Number of protein chains: 4
Amino acid sequence: MSGSSFGKVFQVTTYGESHGKALGVVIDGCPCGVPLSEEDVQRDLDLRKPGSNKYGTKRTESDKAVILSGIFEGRTTGTPISIAVFNEDQNPRDYSLISDIFRPGHADYTFEKKYGFRDFRGGGRSSGRETLSRVAAGAVAKKILAEIGINFLTYTKSIGNIECEKNDFGSIKKNPLYMPDNAAAEKASLFLDECIKNRNSAGGIIECIINGLPAGLGEPVFDKLDACLAKAIFSIGAVKGFEIGSGFKSAVMSGSENNDSFFADGSGNIKKITNNSGGVLGGISDGSPLIFRAAFKPTPSIGAMQKTSDSSGRNREIEITGRHDPVIVPRAVIVVEAMAAITVADLLMQNMFSKIENIKKIYQA
Amino acid sequence: MSGSSFGKVFQVTTYGESHGKALGVVIDGCPCGVPLSEEDVQRDLDLRKPGSNKYGTKRTESDKAVILSGIFEGRTTGTPISIAVFNEDQNPRDYSLISDIFRPGHADYTFEKKYGFRDFRGGGRSSGRETLSRVAAGAVAKKILAEIGINFLTYTKSIGNIECEKNDFGSIKKNPLYMPDNAAAEKASLFLDECIKNRNSAGGIIECIINGLPAGLGEPVFDKLDACLAKAIFSIGAVKGFEIGSGFKSAVMSGSENNDSFFADGSGNIKKITNNSGGVLGGISDGSPLIFRAAFKPTPSIGAMQKTSDSSGRNREIEITGRHDPVIVPRAVIVVEAMAAITVADLLMQNMFSKIENIKKIYQA
Amino acid sequence: MSGSSFGKVFQVTTYGESHGKALGVVIDGCPCGVPLSEEDVQRDLDLRKPGSNKYGTKRTESDKAVILSGIFEGRTTGTPISIAVFNEDQNPRDYSLISDIFRPGHADYTFEKKYGFRDFRGGGRSSGRETLSRVAAGAVAKKILAEIGINFLTYTKSIGNIECEKNDFGSIKKNPLYMPDNAAAEKASLFLDECIKNRNSAGGIIECIINGLPAGLGEPVFDKLDACLAKAIFSIGAVKGFEIGSGFKSAVMSGSENNDSFFADGSGNIKKITNNSGGVLGGISDGSPLIFRAAFKPTPSIGAMQKTSDSSGRNREIEITGRHDPVIVPRAVIVVEAMAAITVADLLMQNMFSKIENIKKIYQA
Amino acid sequence: MSGSSFGKVFQVTTYGESHGKALGVVIDGCPCGVPLSEEDVQRDLDLRKPGSNKYGTKRTESDKAVILSGIFEGRTTGTPISIAVFNEDQNPRDYSLISDIFRPGHADYTFEKKYGFRDFRGGGRSSGRETLSRVAAGAVAKKILAEIGINFLTYTKSIGNIECEKNDFGSIKKNPLYMPDNAAAEKASLFLDECIKNRNSAGGIIECIINGLPAGLGEPVFDKLDACLAKAIFSIGAVKGFEIGSGFKSAVMSGSENNDSFFADGSGNIKKITNNSGGVLGGISDGSPLIFRAAFKPTPSIGAMQKTSDSSGRNREIEITGRHDPVIVPRAVIVVEAMAAITVADLLMQNMFSKIENIKKIYQA
């Protein structure tokens with residue numbers, strides 16, 4: 001397969017280009033009996049919808065989720081859930097300018113080299129619109145996980161070099177940048193205004209905390225929880241770095257600083273004093289909150305003049321006009337959350353047959 | 001499966017605990033006709049062998065690779081290659097001290113929670129010895145890749161906060177820490193002596209450069225080249241961070257700084273002026289050298305006294321005695337290279353059927 | 001995943017119930033550059049369309065294929081091809097009669113036991129309409145295979161105990177039962193009229209011949225060509241038997257009768273005198289035509305009174321009214337062909353990296 | 001991968017040639033806590049051991065199972081179980097006769113075409129010895145299934161045209177042909193003596209009954225229980241046909257004959273009056289005994305003179321000397337059982353997450 005499926009037992013398969021008839025996802029392996037409606041999916045899709053603030057592209061689509069299969073009387077049936085978002089904005093545009101030119105920082109050149117042919121309209125399959133499918137699947141995964149108390153807190157940690165100084169989670173949805181620090185959000189807004197003026201763009205960092213994870217998720221060697229998350233998050237277009245817990249900082253810490261001591265809390269639970277591990281030990285969840293961060297590069301589409309070349313091997317210049325975000329980080333927050341949820345749902349199910357006693361519990365009832 | 005396989009078409013499956021009869025790997029999907037001998041594998045295994053310098057554990061095993069299948073008259077046959085390393089050092093040790101105690105920073109607690117039962121001898125499946133199997137498989141992958149001119153340069157970029165200041169690749173194998181900067185290596189040696197004296201440990205960063213990659217490797221959405229590498233590298237025990245190209249730094253760069261301009265070099269090739277992308281655009285190799293970095297946490301086994309708890313829920317103290325490395329980074333260099341090679345070999349083969357013209361090239365010859 | 005994907009590198013994922021909004025398929029791993037239009041898909045869909053003759057159900061739907069993604073300017077782009085068939089016939093019917101009763105020979109009981117809950121409208125996911133998705137994917141697979149000269153001849157070999165006595169392939173499309181023997185088709189028609197009169201049903205056998213297969217397809221141990229075909233064909237609803245070449249008859253033959261002698265034909269080709277193997281030796285295509293047969297049970301929906309029970313554990317009687325086919329074999333012909341084509345396309349691509357020389361041929365050009 | 005793995009969550013990967021150092025299997029996904037010893041595996045291996053009666057080849061190897069990993073204190077640990085059988089009989093033989101000749105009915109020709117190169121010693125990877133690995137894995141699967149009361153009854157149904165007339169299961173292990181009918185076994189013995197005298201060989205049919213299967217196993221569309229079994233069984237070397245329940249006979253039955261009526265047995269259970277379905281409806285186990293049959297072709301290695309050709313394209317004659325079985329059916333009985341057990345174990349685990357209530361049962365305990 002050409003890499004459009006993710007997950008082993010909770011498996012999502014996406015399709016669609018930004019200028020085809022629809023984008024969508026098929027979710028196979030969702031258990032029967034989970035309450036699910038189109039509204040559950042729409043809520044998340046709206047969070048990544050362009051045009052919701054001045055830092056998003058101007059594409060005005062409703063991006064409506066339509067569930068094509070897998071639901072009966074408000075609950076999942078255990079059969080594949082197909083969710084589509086039909087493209088409304090397919091008006092023939094003039095792409096002659098970019099049909100043969102390679103935009104710097106984009107996948108135009110690599111698609112051309114891989115396939116010798118590409119759907120150049122709006123970036124084709126490498127368009128940010130592809131993440132719609134991920135968000136829809138993530139909404140389903142979160143419904144499953146909510147049934148056993150697993151939930152997600154995902155937010156913008158920094159934009160450019162403006163970093164949140166506090167974790168005031170109540171304010172995340174109160175500013176358009178999804179930062180847990182309103183003051184930082186205001187500074188970041190001014191910075192982004194500057195970017196727009198300079199026809200330039202910015203990157204940033206997203207942080208995600210997963211609460212309620214039982215200990216034991218993740219498979220020992222290759223399918224470690226953190227390894228699967230690394231792939232999930234790195235598969236999002238503009239991600240250039242991923243770290244968990246103390247992350248890159250751990251490389252300069254000593255063992256005695258970085259190790260998290262266990263302690264028995266007196267009521268039968270074993271906990272950790274610190275959480276440098278970020279909630280994972282040996283690739284398996286340790287019962288602490290899981291914490292990871294992803295670094296996003298600045299939006300490659302910028303209005304400023306750039307040097308580049310075209311498919312005929314001529315050197316060219318390009319000024320990218322039209323809609324584009326000065327930063328994609330805020331819109332990517334829900335995408336990061338979706339990929340994390342899909343990953344956790346998959347490993348949650350895989351872990352069910354780790355013990356023969358679990359198998360007996362299901363089949364001897 | 002419980003996560004012991006990696007790769008879709010070039011698939012490696014590992015097994016083995018540090019105190020069982022053997023560790024090993026089965027490599028399925030290796031093409032027929034690749035020259036391969038036990039020496040090819042041994043060369044790489046020797047690079048991770050413990051005891052080769054004072055910063056490695058004292059376990060004295062020969063770690064000899066034995067090829068059990070898949071080779072005939074010095075070449076691969078296209079059938080699975082099974083490589084085993086038999087454990088010699090199985091002498092019954094006294095594990096009563098750690099059989100019920102949870103070592104901080106180790107996977108003891110999470111294995112116990114996952115399986116309710118664990119092989120506590122030497123860390124069982126979460127032991128560093130598990131990487132022997134990866135190194136053996138990586139040696140095979142590198143033989144395949146060498147046939148079309150792809151090769152690897154992997155080295156220690158930093159230990160603790162001592163960072164290499166130059167990339168003098170000739171000196172990598174001239175110092176026991178595999179650093180491309182002999183002066184940095186000397187400083188790091190002094191620092192590690194200090195760690196040993198303090199019964200403490202250090203982490204560090206490994207960098208890998210892949211040269212000779214054709215453009216076009218990596219699948220557009222979930223199986224992006226960088227996403228697959230992220231998982232591959234993050235599946236190595238102590239890794240806490242991964243970045244590609246400008247990595248975390250890209251989050252504070254502007255689009256115009258971070259974008260790599262293309263240019264036509266006059267002899268029909270399209271190249272990039274800079275390489276902030278690290279050789280990957282849209283998840284697909286762009287023909288530039290691929291560059292990534294991995295952050296390793298400090299070795300969790302330290303001699304210093306640590307607070308922890310045991311499986312009966314009592315609070316305890318532990319001083320880990322016996323063999324352990326003050327830093328695992330130098331020995332992990334070949335492991336990182338192996339995982340990168342396995343990943344690239346897999347995507348190289350997957351890319352073969354991206355075009356109908358490739359299919360015709362094979363079947364109409 | 002709950003089993004809705006088929007294939008390793010050419011992977012199809014289907015979704016949809018007979019009474020949801022749509023049924024469809026996502027095809028991942030189709031190479032770039034294959035000419036493909038909605039008409040190519042429609043041609044095959046029309047062959048399984050109900051209502052085309054008196055032996056098909058009366059559901060009057062147009063079953064129009066809509067390609068949602070993966071095509072640009074009449075050719076595949078290498079990205080996933082999503083094809084949907086929207087259900088038109090969703091009028092609320094009275095299902096109260098069968099919502100809690102278990103129809104003999106159907107999957108009502110087993111779905112209820114598996115999920116504890118089922119979409120009882122029209123059989124839900126176990127409906128014959130699910131095969132629409134397979135036929136659409138098969139049409140794509142056949143377009144790929146046609147590029148290198150592989151083609152399929154699939155037909156009804158017998159209905160009830162009326163067996164074709166000749167293989168007059170020209171007549172297959174000249175009778176509504178797709179039999180290569182018009183006389184047999186006439187007899188079978190009379191027999192089916194009798195079935196209808198008796199409110200009963202019939203089964204039959206479908207045979208498929210694949211021509212143009214290069215030698216070498218199929219993987220030695222578990223993914224043998226015949227094993228993959230066996231699964232592909234057995235995954236079609238009513239199949240109860242599968243055999244290849246001399247099949248069950250080979251069990252009563254002697255080795256000297258059953259072995260096919262090789263001979264050199266004088267122009268550099270090695271051929272077989274007979275084809276008891278059915279085109280496969282050791283699970284790998286041998287260059288002869290591949291021949292297999294599948295046995296279909298009689299349609300379980302019959303008008304005659306049947307004893308059964310319901311979900312409350314009461315014994316009941318049922319007379320199934322409404323549309324149903326006295327035989328599904330003719331409509332299943334194109335489904336068998338589709339599954340065979342999907343299987344061959346997958347193994348064709350997998351075989352590409354069996355030799356290092358093939359890899360060099362692609363990457364050193 | 002080149003097809004050496006089977007199963008999605010209970011995954012077995014085999015390796016080895018008949019003349020390499022070892023054959024073996026890695027079993028990934030076996031739950032923790034299953035009692036397992038080398039004796040459990042040896043018991044099954046001994047059932048397929050050659051030389052146990054005059055109808056088996058004369059190769060005299062002990063075929064000892066060695067467990068290399070995954071067991072601690074007599075129980076599985078949840079990590080991969082590696083089992084190897086070291087080849088003792090590697091004495092250099094004279095293979096010059098068959099190194100370039102294509103034995104009729106064997107895979108010599110197809111391996112040569114696939115790889116352009118083959119390990120001709122003893123059939124290499126296509127040797128019957130490859131099934132050792134399957135039997136070892138099957139022994140592990142059966143240990144898991146026994147924990148919840150699933151067990152297997154597998155036997156020779158016919159040899160040549162001598163068919164068992166009764167199912168006297170007590171006599172299966174009382175005759176060397178594993179037939180549940182001692183009189184038939186005696187007739188078959190005389191028939192095989194005749195085969196040997198004529199330097200010819202015979203085929204036959206194996207039947208397998210699985211008892212204790214809970215209803216609900218098997219996934220609705222492609223991974224139907226019967227489809228997975230069809231692949232599993234067809235992947236065994238000499239199988240040419242597979243059928244379930246009434247099988248090929250169902251093609252000539254009417255719907256009213258073939259449908260199995262359900263009835264409520266008065267104590268809350270729903271059962272079927274007949275079992276034409278063979279225990280599977282819509283690809284899902286229905287709680288009845290599962291019954292399938294596999295047709296084996298006659299052993300291709302025969303002493304009689306055969307016409308064939310060689311790799312230089314010359315026509316040749318061959319009389320295969322040395323060890324070979326006049327029939328492989330009795331030795332294949334345990335192989336069929338092993339593959340059935342592996343398949344059921346895999347689907348048993350996959351079915352665990354079909355319902356959200358099962359997930360809650362595991363994680364909310």
# chains A, B, ... in the order shown; residues from 1 in each chain; ligands from 1
>>> residues_around(residues="Lys142 (chain A)", least_positions_apart="3", cutoff="12 Å", atoms="only C-alpha atoms", output="PyMOL selection string")
chain A and resi 30+34-36+40-41+44+135-139+145-153+210+334+337-346
>>> write_last_selection(atoms="N, CA, C and O atoms", output="short mmCIF file (atom, residue, chain, number, x, y, z; two decimals), in the first residue's frame")
data_model
loop_
_atom_site.label_atom_id
_atom_site.label_comp_id
_atom_site.auth_asym_id
_atom_site.auth_seq_id
_atom_site.Cartn_x
_atom_site.Cartn_y
_atom_site.Cartn_z
N CYS A 30 -13.20 -0.18 14.66
CA CYS A 30 -13.87 0.51 15.76
C CYS A 30 -14.84 -0.46 16.41
O CYS A 30 -15.65 -1.07 15.73
N VAL A 34 -20.25 2.16 20.37
CA VAL A 34 -19.79 3.49 20.77
C VAL A 34 -20.79 4.53 20.25
O VAL A 34 -21.08 4.53 19.06
N PRO A 35 -21.31 5.39 21.10
CA PRO A 35 -22.22 6.43 20.61
C PRO A 35 -21.45 7.37 19.67
O PRO A 35 -20.36 7.80 20.01
N LEU A 36 -22.01 7.65 18.51
CA LEU A 36 -21.30 8.50 17.55
C LEU A 36 -22.28 9.18 16.60
O LEU A 36 -23.16 8.54 16.04
N ASP A 40 -20.36 14.92 16.55
CA ASP A 40 -19.11 14.62 17.27
C ASP A 40 -17.90 14.88 16.38
O ASP A 40 -16.87 15.36 16.83
N VAL A 41 -18.06 14.53 15.13
CA VAL A 41 -16.95 14.71 14.18
C VAL A 41 -16.84 16.19 13.78
O VAL A 41 -15.74 16.74 13.71
N ASP A 44 -14.81 18.72 15.96
CA ASP A 44 -13.36 18.77 15.78
C ASP A 44 -12.97 19.37 14.43
O ASP A 44 -11.99 20.11 14.33
N VAL A 135 -8.50 14.32 11.34
CA VAL A 135 -9.29 14.90 12.43
C VAL A 135 -10.60 14.13 12.60
O VAL A 135 -11.03 13.85 13.73
N ALA A 136 -11.21 13.74 11.50
CA ALA A 136 -12.46 12.97 11.59
C ALA A 136 -12.21 11.64 12.30
O ALA A 136 -12.97 11.24 13.20
N ALA A 137 -11.13 10.97 11.93
CA ALA A 137 -10.82 9.69 12.58
C ALA A 137 -10.47 9.88 14.05
O ALA A 137 -10.83 9.07 14.91
N GLY A 138 -9.78 10.98 14.33
CA GLY A 138 -9.42 11.27 15.72
C GLY A 138 -10.65 11.48 16.59
O GLY A 138 -10.68 11.07 17.76
N ALA A 139 -11.67 12.10 16.02
CA ALA A 139 -12.90 12.33 16.78
C ALA A 139 -13.52 11.00 17.19
O ALA A 139 -14.02 10.84 18.31
N LEU A 145 -12.03 6.33 23.55
CA LEU A 145 -11.16 6.51 24.71
C LEU A 145 -11.91 7.16 25.87
O LEU A 145 -11.64 6.86 27.04
N ALA A 146 -12.85 8.05 25.54
CA ALA A 146 -13.63 8.71 26.60
C ALA A 146 -14.41 7.68 27.42
O ALA A 146 -14.66 7.88 28.61
N GLU A 147 -14.77 6.57 26.76
CA GLU A 147 -15.55 5.54 27.47
C GLU A 147 -14.78 4.95 28.65
O GLU A 147 -15.37 4.41 29.58
N ILE A 148 -13.44 5.01 28.59
CA ILE A 148 -12.69 4.50 29.74
C ILE A 148 -11.85 5.60 30.39
O ILE A 148 -10.87 5.32 31.08
N GLY A 149 -12.27 6.84 30.16
CA GLY A 149 -11.68 7.94 30.92
C GLY A 149 -10.36 8.49 30.44
O GLY A 149 -9.63 9.15 31.20
N ILE A 150 -10.02 8.25 29.19
CA ILE A 150 -8.78 8.82 28.64
C ILE A 150 -9.12 10.10 27.90
O ILE A 150 -10.02 10.12 27.06
N ASN A 151 -8.43 11.20 28.24
CA ASN A 151 -8.72 12.44 27.52
C ASN A 151 -7.46 13.25 27.23
O ASN A 151 -6.38 12.97 27.76
N PHE A 152 -7.62 14.26 26.39
CA PHE A 152 -6.49 14.96 25.76
C PHE A 152 -6.55 16.45 26.02
O PHE A 152 -7.63 17.05 26.02
N LEU A 153 -5.39 17.03 26.20
CA LEU A 153 -5.26 18.47 26.37
C LEU A 153 -4.13 18.88 25.42
O LEU A 153 -2.98 18.51 25.62
N ILE A 210 -1.83 13.67 27.69
CA ILE A 210 -2.89 12.65 27.69
C ILE A 210 -3.10 12.19 29.13
O ILE A 210 -2.18 11.67 29.77
N ILE A 334 -5.56 20.52 16.64
CA ILE A 334 -6.53 19.41 16.64
C ILE A 334 -6.03 18.22 15.83
O ILE A 334 -6.39 17.07 16.08
N GLU A 337 -3.79 16.30 18.16
CA GLU A 337 -4.64 15.58 19.12
C GLU A 337 -5.26 14.34 18.46
O GLU A 337 -5.33 13.26 19.05
N ALA A 338 -5.71 14.52 17.21
CA ALA A 338 -6.34 13.40 16.50
C ALA A 338 -5.35 12.25 16.31
O ALA A 338 -5.68 11.09 16.58
N MET A 339 -4.14 12.57 15.87
CA MET A 339 -3.16 11.50 15.62
C MET A 339 -2.78 10.79 16.93
O MET A 339 -2.57 9.58 16.95
N ALA A 340 -2.70 11.58 18.02
CA ALA A 340 -2.39 10.97 19.31
C ALA A 340 -3.52 10.02 19.72
O ALA A 340 -3.28 8.90 20.21
N ALA A 341 -4.75 10.44 19.50
CA ALA A 341 -5.90 9.62 19.91
C ALA A 341 -5.97 8.33 19.09
O ALA A 341 -6.24 7.25 19.63
N ILE A 342 -5.71 8.43 17.80
CA ILE A 342 -5.73 7.24 16.94
C ILE A 342 -4.67 6.24 17.41
O ILE A 342 -4.92 5.04 17.51
N THR A 343 -3.49 6.75 17.73
CA THR A 343 -2.39 5.90 18.18
C THR A 343 -2.73 5.20 19.49
O THR A 343 -2.49 4.00 19.66
N VAL A 344 -3.28 5.96 20.43
CA VAL A 344 -3.59 5.38 21.73
C VAL A 344 -4.71 4.34 21.60
O VAL A 344 -4.66 3.27 22.22
N ALA A 345 -5.72 4.63 20.78
CA ALA A 345 -6.83 3.68 20.61
C ALA A 345 -6.30 2.36 20.06
O ALA A 345 -6.69 1.27 20.51
N ASP A 346 -5.39 2.46 19.11
CA ASP A 346 -4.82 1.25 18.50
C ASP A 346 -4.06 0.42 19.53
O ASP A 346 -4.24 -0.80 19.63
#
>>> interface_residues(of="chain A", to="chain C", cutoff="9 Å", atoms="only C-alpha atoms", output="PyMOL selection string")
chain A and resi 1-5+7-17+19-33+67-73+77-82+86+115-119+125
>>> closest_residue(among="D:Ala230, D:Ser311, D:Gly216, D:Ser246", to="Glu112 (chain D)", atoms="only C-alpha atoms")
D:Ser311
>>> residues_around(residues="Tyr155 (chain A)", least_positions_apart="5", cutoff="6 Å", atoms="only C-alpha atoms", output="list in words")
Tyr178, Met179, Ile206, Glu207 and Val333 of chain A
>>> write_last_selection(atoms="all heavy atoms", output="JSON list (two decimals), in the first residue's frame")
[["chain", "number", "residue", "atom", "x", "y", "z"],
["A", 178, "TYR", "N", -5.02, 29.20, 20.48],
["A", 178, "TYR", "CA", -5.06, 28.02, 21.36],
["A", 178, "TYR", "C", -3.85, 27.93, 22.28],
["A", 178, "TYR", "O", -3.24, 26.88, 22.42],
["A", 178, "TYR", "CB", -5.22, 26.73, 20.54],
["A", 178, "TYR", "CG", -6.45, 26.72, 19.66],
["A", 178, "TYR", "CD1", -6.36, 26.56, 18.28],
["A", 178, "TYR", "CD2", -7.73, 26.89, 20.21],
["A", 178, "TYR", "CE1", -7.49, 26.57, 17.47],
["A", 178, "TYR", "CE2", -8.86, 26.89, 19.41],
["A", 178, "TYR", "CZ", -8.74, 26.73, 18.04],
["A", 178, "TYR", "OH", -9.85, 26.75, 17.26],
["A", 179, "MET", "N", -3.50, 29.08, 22.89],
["A", 179, "MET", "CA", -2.38, 29.08, 23.83],
["A", 179, "MET", "C", -2.93, 29.10, 25.25],
["A", 179, "MET", "O", -3.90, 29.80, 25.54],
["A", 179, "MET", "CB", -1.51, 30.31, 23.59],
["A", 179, "MET", "CG", -0.77, 30.27, 22.25],
["A", 179, "MET", "SD", 0.25, 31.76, 21.94],
["A", 179, "MET", "CE", 1.91, 31.07, 22.00],
["A", 206, "ILE", "N", 3.75, 22.58, 19.44],
["A", 206, "ILE", "CA", 2.48, 22.13, 20.04],
["A", 206, "ILE", "C", 2.80, 21.11, 21.12],
["A", 206, "ILE", "O", 3.69, 20.27, 20.94],
["A", 206, "ILE", "CB", 1.56, 21.51, 18.95],
["A", 206, "ILE", "CG1", 1.07, 22.62, 18.00],
["A", 206, "ILE", "CG2", 0.38, 20.77, 19.58],
["A", 206, "ILE", "CD1", 0.27, 22.12, 16.81],
["A", 207, "GLU", "N", 2.09, 21.21, 22.24],
["A", 207, "GLU", "CA", 2.28, 20.26, 23.34],
["A", 207, "GLU", "C", 0.98, 19.51, 23.57],
["A", 207, "GLU", "O", -0.11, 20.08, 23.41],
["A", 207, "GLU", "CB", 2.70, 21.00, 24.62],
["A", 207, "GLU", "CG", 3.11, 20.09, 25.76],
["A", 207, "GLU", "CD", 3.82, 20.86, 26.89],
["A", 207, "GLU", "OE1", 3.10, 21.47, 27.72],
["A", 207, "GLU", "OE2", 5.06, 20.87, 26.92],
["A", 333, "VAL", "N", -3.29, 22.11, 15.98],
["A", 333, "VAL", "CA", -3.49, 21.59, 17.34],
["A", 333, "VAL", "C", -4.44, 20.39, 17.34],
["A", 333, "VAL", "O", -4.14, 19.33, 17.90],
["A", 333, "VAL", "CB", -4.02, 22.71, 18.28],
["A", 333, "VAL", "CG1", -4.61, 22.13, 19.55],
["A", 333, "VAL", "CG2", -2.88, 23.68, 18.61]]
>>> residues_around(residues="Lys224 (chain A)", least_positions_apart="3", cutoff="8 Å", atoms="only C-alpha atoms", output="number ranges by chain")
A: 218-221, 227-228, 282-284; B: 3, 235
>>> residues_around(residues="Cys195 (chain D)", least_positions_apart="4", cutoff="12 Å", atoms="only C-alpha atoms", output="compact mmCIF listing (two decimals) with N, CA, C and O atoms, in the first residue's frame")
# COMPACT_ATOMS: atom_id res chain seq x y z
N MET C 253 -5.74 -39.24 -7.85
CA MET C 253 -4.83 -39.53 -8.95
C MET C 253 -3.50 -40.07 -8.40
O MET C 253 -3.18 -39.88 -7.23
N SER C 254 -2.74 -40.74 -9.28
CA SER C 254 -1.40 -41.18 -8.86
C SER C 254 -0.41 -40.08 -9.23
O SER C 254 -0.71 -39.20 -10.06
N GLY C 255 0.75 -40.13 -8.62
CA GLY C 255 1.78 -39.13 -8.91
C GLY C 255 2.13 -39.07 -10.39
O GLY C 255 2.29 -37.99 -10.95
N SER C 256 2.21 -40.22 -11.01
CA SER C 256 2.62 -40.21 -12.43
C SER C 256 1.52 -39.63 -13.32
O SER C 256 1.80 -39.07 -14.37
N TYR D 55 5.70 -45.79 5.44
CA TYR D 55 5.21 -44.85 4.43
C TYR D 55 5.85 -43.47 4.55
O TYR D 55 5.49 -42.56 3.85
N ILE D 159 -7.42 -41.95 1.31
CA ILE D 159 -6.13 -42.06 0.63
C ILE D 159 -6.43 -42.68 -0.72
O ILE D 159 -7.07 -43.73 -0.79
N GLY D 160 -6.00 -42.01 -1.78
CA GLY D 160 -6.39 -42.47 -3.11
C GLY D 160 -7.91 -42.51 -3.13
O GLY D 160 -8.57 -41.59 -2.67
N ALA D 188 -6.04 -49.13 2.79
CA ALA D 188 -5.14 -48.09 2.30
C ALA D 188 -3.69 -48.55 2.37
O ALA D 188 -2.87 -48.23 1.50
N SER D 189 -3.36 -49.33 3.40
CA SER D 189 -1.99 -49.83 3.53
C SER D 189 -1.63 -50.73 2.34
O SER D 189 -0.53 -50.61 1.77
N LEU D 190 -2.55 -51.60 1.98
CA LEU D 190 -2.29 -52.47 0.84
C LEU D 190 -2.12 -51.66 -0.44
O LEU D 190 -1.23 -51.90 -1.25
N PHE D 191 -2.98 -50.65 -0.56
CA PHE D 191 -2.90 -49.77 -1.73
C PHE D 191 -1.54 -49.05 -1.79
O PHE D 191 -0.92 -48.93 -2.85
N ARG D 199 6.62 -47.73 -7.91
CA ARG D 199 7.39 -46.47 -7.85
C ARG D 199 6.48 -45.28 -8.17
O ARG D 199 6.84 -44.37 -8.89
N ASN D 200 5.29 -45.31 -7.58
CA ASN D 200 4.32 -44.27 -7.81
C ASN D 200 3.86 -43.71 -6.45
O ASN D 200 4.43 -44.07 -5.41
N SER D 201 2.89 -42.83 -6.45
CA SER D 201 2.49 -42.21 -5.18
C SER D 201 0.99 -41.92 -5.19
O SER D 201 0.33 -42.02 -6.23
N ALA D 202 0.46 -41.52 -4.02
CA ALA D 202 -0.97 -41.28 -3.89
C ALA D 202 -1.24 -39.99 -3.14
O ALA D 202 -0.39 -39.47 -2.41
N GLY D 203 -2.45 -39.48 -3.33
CA GLY D 203 -2.91 -38.31 -2.58
C GLY D 203 -3.99 -38.72 -1.61
O GLY D 203 -4.14 -39.89 -1.28
N PRO D 298 -1.02 -36.21 -5.00
CA PRO D 298 -0.04 -37.26 -4.73
C PRO D 298 1.36 -36.67 -4.64
O PRO D 298 1.67 -35.67 -5.29
N THR D 299 2.19 -37.28 -3.81
CA THR D 299 3.59 -36.87 -3.69
C THR D 299 4.23 -36.75 -5.07
O THR D 299 4.18 -37.69 -5.85
N ILE D 302 8.49 -39.28 -7.42
CA ILE D 302 8.24 -40.71 -7.68
C ILE D 302 9.46 -41.33 -8.36
O ILE D 302 10.24 -40.65 -9.04
N GLY D 303 9.58 -42.65 -8.16
CA GLY D 303 10.74 -43.35 -8.71
C GLY D 303 10.61 -43.65 -10.20
O GLY D 303 11.61 -43.86 -10.90
N ALA D 304 9.38 -43.64 -10.68
CA ALA D 304 9.16 -43.95 -12.09
C ALA D 304 9.83 -42.91 -12.98
O ALA D 304 9.99 -41.76 -12.59
N ASP D 325 8.11 -40.19 0.37
CA ASP D 325 6.90 -40.85 0.87
C ASP D 325 5.99 -41.23 -0.30
O ASP D 325 5.80 -40.42 -1.20
N PRO D 326 5.35 -42.42 -0.24
CA PRO D 326 4.37 -42.73 -1.28
C PRO D 326 3.11 -41.89 -1.10
O PRO D 326 2.33 -41.72 -2.02
N VAL D 327 2.94 -41.34 0.11
CA VAL D 327 1.80 -40.47 0.39
C VAL D 327 2.24 -39.55 1.52
O VAL D 327 2.93 -39.98 2.43
>>> select_by_dssp(residues="region 170-285 of chain D", states="alpha helix (DSSP H)", output="PyMOL selection string")
chain D and resi 182-197+225-234+255-258
>>> select_by_dssp(residues="region 60-160 of chain C", states="strand (DSSP E)", output="PyMOL selection string")
chain C and resi 65-69+71-72+75-76+81-86+151-159
>>> atom_distance(atom1="CA of Gln42 (chain D)", atom2="CA of Pro176 (chain D)")
18.3 Å
>>> residues_around(residues="Gly247 (chain D)", least_positions_apart="2", cutoff="10 Å", atoms="only C-alpha atoms", output="number ranges by chain")
C: 239-242, 294-297; D: 242-245, 249-251, 276-278, 291-293
